Amino acid sequence: MGAYVNKDAKKLQPSFVSANLLTDTLPENNHTPFQKNNSDIPEEIRNRTFQDVSLCYQCGKCSAGCPVRYYMDIAPNKIVRLIQLGFYDEALKSSTPWICAGCLTCSVRCPKEFNLAGFMDAVREIAVKKKVKVKEKDILKFHKAFLNQIKRYGRLYEIGLVGEYKMKTLDLLSDVETAPGLFLKGKLGLLPDKVKDRKSIKKIFKKTDKKKINKH
Amino acid sequence: MKIGVFICHCGENISRTVDCPKVAEVCRNFPGVEYSTNYKYMCSDPGQKLIKDAVLENKLDAIVVGSCSPHMHERTFRNAAISAGINPFLVEIANLREQCSWVHDDVEEATQKAIELVRMALEKVKRDKPLTKIKVNVTKRILVIGGGIAGIQAALDVANAGYEVILVEKEPSIGGHMSQLSETFPTLDCSQCILTPRMVEVYQHPKIKLFTYSEVVKVEGFIGNFKATIKKKARHIIDDRCSGCGLCMENCPIKKKAYNSFEENLAFRPAIYTPFPQAVPNIPVIDETICTHYKNGKCGMCVKVCDREAIDFDQEDTMFVADIGAIIVATGFKLYNIEKKSSGSIYKGYGEYGYGKYRDVIDGLQFERIASASGPTSGEIKRPSDGKVPKKIVFIQCVGSRDESKGISYCSKICCMYTAKHAMLYKHKVHDGEAYVFYMDIRAGGKMYEEFVRRAIEEDNVKYIRGRVSRIYEEKGKYIVKGEDTIAGMPVVVDADMVVLASAMIPHDNAPLLARTIGIPYDKYGFYNEAHPKLRPVESTTSGVFLAGACQSPRDIPDTVSMASAAASKAIILFSSDQLEREPVVAKVNEDICQGCFYCKKVCPFGAIEVKDIKDINGIVFKEVAYINQGVCKGCGTCTATCLSKSIELAGFNNEEIFAQIAAL
């Protein structure tokens, strides 16, 4: 095992090297960086994260520690770089923000205290708002199914999540083999675990309503 | 009083918007003016001659020059006045350039303003009193604080110029961090080989008095007349009896109770020890905290073996007071402790790098000791945990540096170079080994520095990877280093046998305390501030206190040595005359009306104000008043403005002069 070789990566996604080479190539038109001054995206990101993307000095520590880095098409630090350079389309089209699990490892380890997980959230929101054709559209459905469970019970109801997700994607058979193991370990409760004050949860959802957010 | 008025055109700078001949003409009719003229360049040689001739011919008592800012040429015109036999403080400048011609367009109005400015200066000069420069005696002896390469160089330079030096070092030996280094970049010459001759020279120099294991606890006074109190900590060895034979250290039964801090905690030391064999002075120290004698009064093995009876368990700390004229502060740096946040530290530490948890994750100075021929492994590269030779080694740069989250925001300047050196030394010693360097940027500004880094990459095949490491964890005896090559955009994993972290340079913990003791400013990290970042880099804002080396900011050996020599030459300039001349523009207290509120003492930025007791005929104190030390006062006027009873006056700018100037408007 040495540099540039990773056994996990090979096992999980054998073609990640070639995938990288394909998607890391910038489109041929509009190569001039820092040109899209009239875009509202930097402002939008600043409003949502309270930080400026210029904070990032591209050390790469976020990508180095990202647990889901191997599933991404573009390294997380490069998404920040694309936004810094003004290559917004490339950043919004990437699957990286959608693969990001929001585990906050990057934000915690960042030497510049840049909240990369929050930044990824903002990029996702902008992509949805701008109706960019999301590469990982199933993940968007998963996000929605997840939020619906929270809205309903205040906590995650796993079976409900799986059910809703599978109904949305019509992908009924994938990952079925993991269910018995999860069930035996007590990770799949049969009945939803509800919080008492569900009214407040509803209030939160009402306040952060999609329409209202988009007004910002 | 006969006053001369001289209006300068400053080429076209003033005359473009101010009608200079008219100003001179109008001013001739003002009361007190005996002579008035204008000239194209008053600061030039003929211009100064014109002033001199006019003074002598018309027997003038004072002059007003309408010219540029006094910052620019006040000194020039004062010197002209001196050569004409007038007191230089009877010269006033009306600033017709910065405050008039440069900021106005209308010729008529600008000319009128110029006339008003000259009139104001005239009213002030009429009330000016001749002042003479204050003379202060200079004690031609210097205190150098810190015995690293900066302190050694400064001490030798001042001593070789023929002045006495007191060198104070807090450790038992001089040498500092440089004595710990294996080899130095970019020439790879042995650090101790070039340093130890200097250390011996310091010890043997007749002009240098060396205080090791000592600290400066108090500094009083002002430039040329400091008084420093030095605490000499008890070594428990009688210095002049000890021959440095080392028998006591060999026979000390306590072998493994304390880490040797010189070896960066990679080796143990006995209770009686010298930091390293080439220590200067070669006199041991007894560590009271682990010595058996101080626990139960027994043992005494060292006393038995010492045939010169040099051991004195009852020795106590001694205080020395020294009169000195200047101070060079050369206290150096320490390495940022990468361990997890420890209590009392303002730095967070790096939990994710496993320093302090994994024994083979070490810092730069520890690697220096491992690579050093005199180190714990005799120069062989071995892992601290099991003594095996690491076949794969990872160096990580910018640990602590350029990291606002867990460290400091500045660049420590030397890590790029010493990491390249470490990787090179490793490759020279372990031929079949692989060396990886994780970097963010390579900052190799310096003579032969860039070439050195390229040599590491091209000739010694050190693998440089651009990206900060996220995490290091142990797996099957290997240290898994997870990084990302940001150039390739690819994750990188190295299973290393040993990891070296290039940790940041920070000031010593007690650097701010020493700064307050001496009275010099420091920045938020604890680095001492220079008087001017470009033009006065080796002086502190306190006159007579100079800075050398890494106590001012991170720097490498060549920079430190040049700074030390520069500080030494500044001190030698100070010592070149028996008396120091100071501008007489200082504040003075009228003791009759001073109420002793000491608001002035609170606001004085230079600490020039002291409490003075006024005694009656029987010697009983009946009043306390402020007293301004003329050696320290810089004439800023803050106390004058603060004084409630208006009992402080600034010479050359007293109330009468200022009010007359305003009233003339």
# chains A, B, ... in the order shown; residues from 1 in each chain; ligands from 1

$ interface_residues --of "chain B" --to "chain A" --cutoff "6 Å" --atoms "only C-alpha atoms" --output "JSON, numbers by chain"
{"B": [403, 404, 405, 440, 467, 468, 469, 470, 482, 483, 484, 486, 492, 493, 494]}

$ residues_around --residues "A:Ile126" --least-positions-apart "6" --cutoff "8 Å" --atoms "only C-alpha atoms" --output "mmCIF file with N, CA and C atoms, in the first residue's frame"
data_model
loop_
_atom_site.group_PDB
_atom_site.id
_atom_site.type_symbol
_atom_site.label_atom_id
_atom_site.label_comp_id
_atom_site.auth_asym_id
_atom_site.auth_seq_id
_atom_site.Cartn_x
_atom_site.Cartn_y
_atom_site.Cartn_z
ATOM 1 N N ILE A 41 -24.790 33.826 -6.794
ATOM 2 C CA ILE A 41 -24.467 32.624 -6.026
ATOM 3 C C ILE A 41 -23.522 32.883 -4.844
ATOM 4 N N GLU A 44 -25.562 34.415 -2.198
ATOM 5 C CA GLU A 44 -26.493 33.411 -1.704
ATOM 6 C C GLU A 44 -25.794 32.495 -0.680
ATOM 7 N N LEU A 92 -22.502 23.099 -9.301
ATOM 8 C CA LEU A 92 -23.889 22.743 -8.993
ATOM 9 C C LEU A 92 -24.270 21.401 -9.615
#

$ residues_around --residues "B:Val632" --least-positions-apart "3" --cutoff "10 Å" --atoms "only C-alpha atoms" --output "ChimeraX atom specification"
/B:221-223,542-543,582,586,606-609,628-629,635

$ select_by_dssp --residues "stretch 498-641 of chain B" --states "alpha helix (DSSP H)" --output "PDB file with N, CA and C atoms, in the first residue's frame"
ATOM      1  N   ALA B 511       7.354  34.909  27.792  1.00  0.00           N
ATOM      2  CA  ALA B 511       7.832  36.061  27.020  1.00  0.00           C
ATOM      3  C   ALA B 511       7.078  37.349  27.385  1.00  0.00           C
ATOM      4  N   PRO B 512       5.729  37.301  27.512  1.00  0.00           N
ATOM      5  CA  PRO B 512       5.035  38.532  27.905  1.00  0.00           C
ATOM      6  C   PRO B 512       5.448  39.022  29.296  1.00  0.00           C
ATOM      7  N   LEU B 513       5.731  38.088  30.195  1.00  0.00           N
ATOM      8  CA  LEU B 513       6.148  38.479  31.551  1.00  0.00           C
ATOM      9  C   LEU B 513       7.465  39.244  31.489  1.00  0.00           C
ATOM     10  N   LEU B 514       8.409  38.726  30.707  1.00  0.00           N
ATOM     11  CA  LEU B 514       9.696  39.411  30.580  1.00  0.00           C
ATOM     12  C   LEU B 514       9.506  40.768  29.912  1.00  0.00           C
ATOM     13  N   ALA B 515       8.599  40.817  28.920  1.00  0.00           N
ATOM     14  CA  ALA B 515       8.336  42.084  28.233  1.00  0.00           C
ATOM     15  C   ALA B 515       7.837  43.132  29.223  1.00  0.00           C
ATOM     16  N   ARG B 516       6.974  42.697  30.139  1.00  0.00           N
ATOM     17  CA  ARG B 516       6.455  43.644  31.133  1.00  0.00           C
ATOM     18  C   ARG B 516       7.542  44.029  32.119  1.00  0.00           C
ATOM     19  N   THR B 517       8.442  43.084  32.437  1.00  0.00           N
ATOM     20  CA  THR B 517       9.544  43.388  33.347  1.00  0.00           C
ATOM     21  C   THR B 517      10.444  44.472  32.752  1.00  0.00           C
ATOM     22  N   ILE B 518      10.749  44.327  31.459  1.00  0.00           N
ATOM     23  CA  ILE B 518      11.654  45.295  30.825  1.00  0.00           C
ATOM     24  C   ILE B 518      10.891  46.547  30.397  1.00  0.00           C
ATOM     25  N   ILE B 557      18.573  30.601  11.186  1.00  0.00           N
ATOM     26  CA  ILE B 557      19.855  30.953  11.812  1.00  0.00           C
ATOM     27  C   ILE B 557      20.526  32.153  11.129  1.00  0.00           C
ATOM     28  N   PRO B 558      20.665  32.172   9.790  1.00  0.00           N
ATOM     29  CA  PRO B 558      21.326  33.335   9.185  1.00  0.00           C
ATOM     30  C   PRO B 558      20.635  34.655   9.532  1.00  0.00           C
ATOM     31  N   ASP B 559      19.317  34.663   9.499  1.00  0.00           N
ATOM     32  CA  ASP B 559      18.584  35.886   9.840  1.00  0.00           C
ATOM     33  C   ASP B 559      18.810  36.264  11.296  1.00  0.00           C
ATOM     34  N   THR B 560      18.816  35.252  12.163  1.00  0.00           N
ATOM     35  CA  THR B 560      18.997  35.501  13.591  1.00  0.00           C
ATOM     36  C   THR B 560      20.375  36.096  13.856  1.00  0.00           C
ATOM     37  N   VAL B 561      21.395  35.521  13.200  1.00  0.00           N
ATOM     38  CA  VAL B 561      22.755  36.016  13.424  1.00  0.00           C
ATOM     39  C   VAL B 561      22.883  37.439  12.904  1.00  0.00           C
ATOM     40  N   SER B 562      22.304  37.722  11.712  1.00  0.00           N
ATOM     41  CA  SER B 562      22.422  39.101  11.217  1.00  0.00           C
ATOM     42  C   SER B 562      21.689  40.070  12.118  1.00  0.00           C
ATOM     43  N   MET B 563      20.542  39.635  12.632  1.00  0.00           N
ATOM     44  CA  MET B 563      19.786  40.523  13.519  1.00  0.00           C
ATOM     45  C   MET B 563      20.555  40.768  14.817  1.00  0.00           C
ATOM     46  N   ALA B 564      21.216  39.715  15.307  1.00  0.00           N
ATOM     47  CA  ALA B 564      21.991  39.858  16.547  1.00  0.00           C
ATOM     48  C   ALA B 564      23.146  40.831  16.345  1.00  0.00           C
ATOM     49  N   SER B 565      23.826  40.717  15.204  1.00  0.00           N
ATOM     50  CA  SER B 565      24.927  41.637  14.928  1.00  0.00           C
ATOM     51  C   SER B 565      24.406  43.061  14.759  1.00  0.00           C
ATOM     52  N   ALA B 566      23.237  43.191  14.138  1.00  0.00           N
ATOM     53  CA  ALA B 566      22.649  44.523  13.975  1.00  0.00           C
ATOM     54  C   ALA B 566      22.316  45.130  15.329  1.00  0.00           C
ATOM     55  N   ALA B 567      21.731  44.311  16.219  1.00  0.00           N
ATOM     56  CA  ALA B 567      21.385  44.810  17.556  1.00  0.00           C
ATOM     57  C   ALA B 567      22.665  45.198  18.297  1.00  0.00           C
ATOM     58  N   ALA B 568      23.718  44.376  18.136  1.00  0.00           N
ATOM     59  CA  ALA B 568      24.985  44.677  18.799  1.00  0.00           C
ATOM     60  C   ALA B 568      25.544  46.002  18.296  1.00  0.00           C
ATOM     61  N   SER B 569      25.471  46.225  16.973  1.00  0.00           N
ATOM     62  CA  SER B 569      26.038  47.475  16.456  1.00  0.00           C
ATOM     63  C   SER B 569      25.227  48.678  16.924  1.00  0.00           C
ATOM     64  N   LYS B 570      23.912  48.491  17.092  1.00  0.00           N
ATOM     65  CA  LYS B 570      23.095  49.583  17.646  1.00  0.00           C
ATOM     66  C   LYS B 570      23.559  49.920  19.057  1.00  0.00           C
ATOM     67  N   ALA B 571      23.862  48.885  19.824  1.00  0.00           N
ATOM     68  CA  ALA B 571      24.327  49.109  21.197  1.00  0.00           C
ATOM     69  C   ALA B 571      25.700  49.777  21.189  1.00  0.00           C
ATOM     70  N   ILE B 572      26.551  49.350  20.250  1.00  0.00           N
ATOM     71  CA  ILE B 572      27.895  49.942  20.184  1.00  0.00           C
ATOM     72  C   ILE B 572      27.815  51.419  19.806  1.00  0.00           C
ATOM     73  N   ILE B 573      26.878  51.751  18.908  1.00  0.00           N
ATOM     74  CA  ILE B 573      26.677  53.171  18.556  1.00  0.00           C
ATOM     75  C   ILE B 573      26.316  53.961  19.808  1.00  0.00           C
ATOM     76  N   LEU B 574      25.434  53.358  20.608  1.00  0.00           N
ATOM     77  CA  LEU B 574      25.004  54.017  21.844  1.00  0.00           C
ATOM     78  C   LEU B 574      26.191  54.237  22.789  1.00  0.00           C
ATOM     79  N   PHE B 575      27.098  53.254  22.817  1.00  0.00           N
ATOM     80  CA  PHE B 575      28.229  53.327  23.739  1.00  0.00           C
ATOM     81  C   PHE B 575      29.383  54.172  23.197  1.00  0.00           C
ATOM     82  N   TYR B 599      -2.827  61.157  37.547  1.00  0.00           N
ATOM     83  CA  TYR B 599      -3.448  60.772  36.285  1.00  0.00           C
ATOM     84  C   TYR B 599      -2.382  60.686  35.186  1.00  0.00           C
ATOM     85  N   CYS B 600      -1.393  61.581  35.301  1.00  0.00           N
ATOM     86  CA  CYS B 600      -0.332  61.602  34.300  1.00  0.00           C
ATOM     87  C   CYS B 600       0.429  60.279  34.275  1.00  0.00           C
ATOM     88  N   LYS B 601       0.633  59.731  35.473  1.00  0.00           N
ATOM     89  CA  LYS B 601       1.373  58.472  35.579  1.00  0.00           C
ATOM     90  C   LYS B 601       0.614  57.363  34.862  1.00  0.00           C
ATOM     91  N   LYS B 602      -0.725  57.433  34.970  1.00  0.00           N
ATOM     92  CA  LYS B 602      -1.546  56.394  34.332  1.00  0.00           C
ATOM     93  C   LYS B 602      -1.486  56.493  32.810  1.00  0.00           C
ATOM     94  N   VAL B 603      -1.453  57.719  32.277  1.00  0.00           N
ATOM     95  CA  VAL B 603      -1.557  57.852  30.818  1.00  0.00           C
ATOM     96  C   VAL B 603      -0.208  57.810  30.103  1.00  0.00           C
ATOM     97  N   THR B 638       1.127  63.891  26.312  1.00  0.00           N
ATOM     98  CA  THR B 638      -0.103  63.295  26.836  1.00  0.00           C
ATOM     99  C   THR B 638      -0.359  63.749  28.271  1.00  0.00           C
ATOM    100  N   CYS B 639       0.689  63.779  29.094  1.00  0.00           N
ATOM    101  CA  CYS B 639       0.532  64.184  30.497  1.00  0.00           C
ATOM    102  C   CYS B 639       0.085  65.640  30.589  1.00  0.00           C
ATOM    103  N   THR B 640       0.633  66.485  29.708  1.00  0.00           N
ATOM    104  CA  THR B 640       0.290  67.907  29.713  1.00  0.00           C
ATOM    105  C   THR B 640      -1.208  68.101  29.498  1.00  0.00           C
ATOM    106  N   ALA B 641      -1.739  67.325  28.552  1.00  0.00           N
ATOM    107  CA  ALA B 641      -3.162  67.447  28.249  1.00  0.00           C
ATOM    108  C   ALA B 641      -4.023  66.876  29.367  1.00  0.00           C
TER     109      ALA B 641
END

$ residues_around --residues "A:Leu156" --least-positions-apart "5" --cutoff "10 Å" --atoms "only C-alpha atoms" --output "ChimeraX atom specification"
/A:146-151,161,192-194

$ closest_residue --among "B:Arg402, B:Lys478, B:Lys170, B:Lys40" --to "A:Cys56" --atoms "only C-alpha atoms"
B:Arg402

$ closest_residue --among "A:Gln51, A:Lys133, A:Gly189, A:Val128" --to "A:Glu90" --atoms "only C-alpha atoms"
A:Lys133

$ atom_distance --atom1 "atom CA of B:Asn590" --atom2 "atom CA of B:Ile662"
23.5 Å

$ residues_around --residues "A:Asp175" --least-positions-apart "6" --cutoff "12 Å" --atoms "only C-alpha atoms" --output "list in words"
Val162, Lys166, Gly181 and Leu182 of chain A

$ atom_distance --atom1 "atom CA of A:Pro33" --atom2 "atom CA of A:Gln84"
8.6 Å

$ atom_distance --atom1 "atom CA of A:Ile83" --atom2 "atom CA of A:Pro42"
7.5 Å

$ closest_residue --among "A:Asn115, A:Ala91, A:Cys100, A:Gly86" --to "A:Tyr71" --atoms "only C-alpha atoms"
A:Cys100

$ select_by_dssp --residues "stretch 142-340 of chain B" --states "strand (DSSP E)" --output "ChimeraX atom specification"
/B:142-145,164-168,183-184,189-190,208-211,214-222,225-232,258-259,268-269,272-273,285-286,318-324,326-329,333-335

$ closest_residue --among "B:Met72, B:Val285, B:Ile408, B:Val64" --to "B:Ile7" --atoms "only C-alpha atoms"
B:Val64

$ residues_around --residues "B:Ile311" --least-positions-apart "3" --cutoff "9 Å" --atoms "only C-alpha atoms" --output "list of chain:residue names"
B:His236, B:Ile237, B:Ile238, B:Arg241, B:Cys242, B:Cys302, B:Val303, B:Cys306, B:Arg308, B:Gln315

$ write_last_selection --atoms "N, CA and C atoms" --output "compact mmCIF listing (two decimals), in the first residue's frame"
# COMPACT_ATOMS: atom_id res chain seq x y z
N HIS B 236 23.32 24.11 43.32
CA HIS B 236 23.80 23.21 44.36
C HIS B 236 25.20 22.68 44.05
N ILE B 237 25.89 23.40 43.21
CA ILE B 237 27.28 23.09 42.90
C ILE B 237 28.06 24.38 43.09
N ILE B 238 29.22 24.29 43.73
CA ILE B 238 30.05 25.48 43.86
C ILE B 238 30.85 25.62 42.57
N ARG B 241 34.72 25.37 42.15
CA ARG B 241 35.37 24.13 42.58
C ARG B 241 35.18 23.02 41.56
N CYS B 242 34.07 23.05 40.85
CA CYS B 242 33.74 21.95 39.93
C CYS B 242 34.70 21.93 38.74
N CYS B 302 26.73 11.69 45.13
CA CYS B 302 27.54 12.68 44.40
C CYS B 302 28.58 13.31 45.32
N VAL B 303 28.19 13.55 46.59
CA VAL B 303 29.14 14.15 47.54
C VAL B 303 30.31 13.20 47.75
N CYS B 306 32.67 13.16 44.61
CA CYS B 306 33.29 14.43 44.21
C CYS B 306 34.50 14.71 45.09
N ARG B 308 36.48 17.15 44.83
CA ARG B 308 36.76 18.59 44.95
C ARG B 308 35.76 19.27 45.88
N GLN B 315 22.83 25.29 49.07
CA GLN B 315 22.96 26.53 48.30
C GLN B 315 21.58 27.13 48.02

$ closest_residue --among "B:Cys190, B:Cys291, B:Ile3, B:Ala373" --to "B:Val125" --atoms "only C-alpha atoms"
B:Ile3

$ closest_residue --among "B:Ala258, B:Leu501, B:Ile174, B:Met424" --to "B:Thr289" --atoms "only C-alpha atoms"
B:Ala258

$ residues_around --residues "B:Pro390" --least-positions-apart "6" --cutoff "8 Å" --atoms "only C-alpha atoms" --output "compact mmCIF listing (two decimals) with N, CA and C atoms, in the first residue's frame"
# COMPACT_ATOMS: atom_id res chain seq x y z
N ILE B 381 18.65 6.67 12.40
CA ILE B 381 17.22 6.97 12.39
C ILE B 381 16.48 5.74 12.91
N LYS B 382 15.95 5.85 14.12
CA LYS B 382 15.23 4.73 14.71
C LYS B 382 13.93 5.24 15.30
N ARG B 383 12.93 4.35 15.32
CA ARG B 383 11.64 4.75 15.91
C ARG B 383 11.78 4.81 17.42
N GLY B 433 14.76 3.64 2.22
CA GLY B 433 13.53 4.18 2.81
C GLY B 433 12.80 5.11 1.84
N ALA B 496 2.76 4.65 7.14
CA ALA B 496 4.10 5.06 7.53
C ALA B 496 4.56 4.33 8.78
N ASP B 497 5.89 4.26 8.94
CA ASP B 497 6.45 3.71 10.17
C ASP B 497 6.68 4.81 11.20
N MET B 498 6.82 6.02 10.70
CA MET B 498 7.11 7.12 11.61
C MET B 498 6.57 8.40 10.97

$ decode --residues "stretch 39-66 of chain B" --atoms "N, CA and C atoms" --output "CSV table (one decimal), in the first residue's frame"
chain,number,residue,atom,x,y,z
B,39,TYR,N,13.1,82.5,-1.2
B,39,TYR,CA,14.1,81.9,-2.1
B,39,TYR,C,13.6,80.5,-2.6
B,40,LYS,N,14.1,80.1,-3.7
B,40,LYS,CA,13.6,79.0,-4.4
B,40,LYS,C,13.7,77.7,-3.6
B,41,TYR,N,14.9,77.4,-3.1
B,41,TYR,CA,15.2,76.2,-2.3
B,41,TYR,C,15.9,76.6,-1.0
B,42,MET,N,15.1,76.8,0.1
B,42,MET,CA,15.7,77.3,1.3
B,42,MET,C,16.6,76.2,2.0
B,43,CYS,N,16.2,74.9,1.7
B,43,CYS,CA,16.9,73.8,2.3
B,43,CYS,C,18.3,73.6,1.6
B,44,SER,N,18.5,74.1,0.4
B,44,SER,CA,19.7,73.9,-0.3
B,44,SER,C,20.9,74.6,0.4
B,45,ASP,N,22.1,74.3,0.0
B,45,ASP,CA,23.3,75.0,0.5
B,45,ASP,C,23.2,76.5,0.4
B,46,PRO,N,22.9,77.0,-0.8
B,46,PRO,CA,22.9,78.5,-0.9
B,46,PRO,C,21.7,79.1,0.0
B,47,GLY,N,20.6,78.3,0.1
B,47,GLY,CA,19.5,78.8,0.9
B,47,GLY,C,19.9,78.9,2.4
B,48,GLN,N,20.6,77.9,2.9
B,48,GLN,CA,21.1,77.9,4.3
B,48,GLN,C,22.1,79.0,4.5
B,49,LYS,N,22.9,79.2,3.5
B,49,LYS,CA,23.9,80.3,3.6
B,49,LYS,C,23.2,81.6,3.7
B,50,LEU,N,22.1,81.7,2.9
B,50,LEU,CA,21.3,83.0,2.9
B,50,LEU,C,20.8,83.3,4.3
B,51,ILE,N,20.3,82.2,5.0
B,51,ILE,CA,19.8,82.3,6.4
B,51,ILE,C,20.9,82.8,7.3
B,52,LYS,N,22.0,82.1,7.1
B,52,LYS,CA,23.2,82.4,8.0
B,52,LYS,C,23.6,83.9,7.9
B,53,ASP,N,23.8,84.3,6.6
B,53,ASP,CA,24.3,85.6,6.3
B,53,ASP,C,23.3,86.7,6.8
B,54,ALA,N,22.0,86.4,6.6
B,54,ALA,CA,21.0,87.3,7.1
B,54,ALA,C,21.0,87.5,8.6
B,55,VAL,N,21.2,86.4,9.3
B,55,VAL,CA,21.2,86.4,10.8
B,55,VAL,C,22.4,87.2,11.2
B,56,LEU,N,23.6,87.0,10.6
B,56,LEU,CA,24.8,87.7,11.1
B,56,LEU,C,24.7,89.2,10.7
B,57,GLU,N,24.2,89.5,9.5
B,57,GLU,CA,24.1,90.8,9.0
B,57,GLU,C,23.2,91.7,9.8
B,58,ASN,N,22.0,91.1,10.1
B,58,ASN,CA,20.9,91.9,10.8
B,58,ASN,C,20.9,91.6,12.3
B,59,LYS,N,21.8,90.8,12.8
B,59,LYS,CA,21.8,90.5,14.2
B,59,LYS,C,20.5,90.0,14.7
B,60,LEU,N,20.0,89.0,14.0
B,60,LEU,CA,18.7,88.4,14.3
B,60,LEU,C,18.8,87.5,15.5
B,61,ASP,N,17.6,87.5,16.3
B,61,ASP,CA,17.6,86.6,17.5
B,61,ASP,C,16.9,85.3,17.3
B,62,ALA,N,15.9,85.3,16.3
B,62,ALA,CA,15.1,84.1,16.1
B,62,ALA,C,14.7,84.1,14.7
B,63,ILE,N,14.4,82.9,14.2
B,63,ILE,CA,13.9,82.9,12.8
B,63,ILE,C,12.7,82.0,12.6
B,64,VAL,N,11.9,82.4,11.6
B,64,VAL,CA,10.7,81.6,11.2
B,64,VAL,C,10.9,81.2,9.7
B,65,VAL,N,10.8,80.0,9.4
B,65,VAL,CA,11.0,79.5,8.1
B,65,VAL,C,9.6,79.0,7.6
B,66,GLY,N,9.1,79.5,6.5
B,66,GLY,CA,7.9,79.0,5.9
B,66,GLY,C,8.3,78.1,4.8
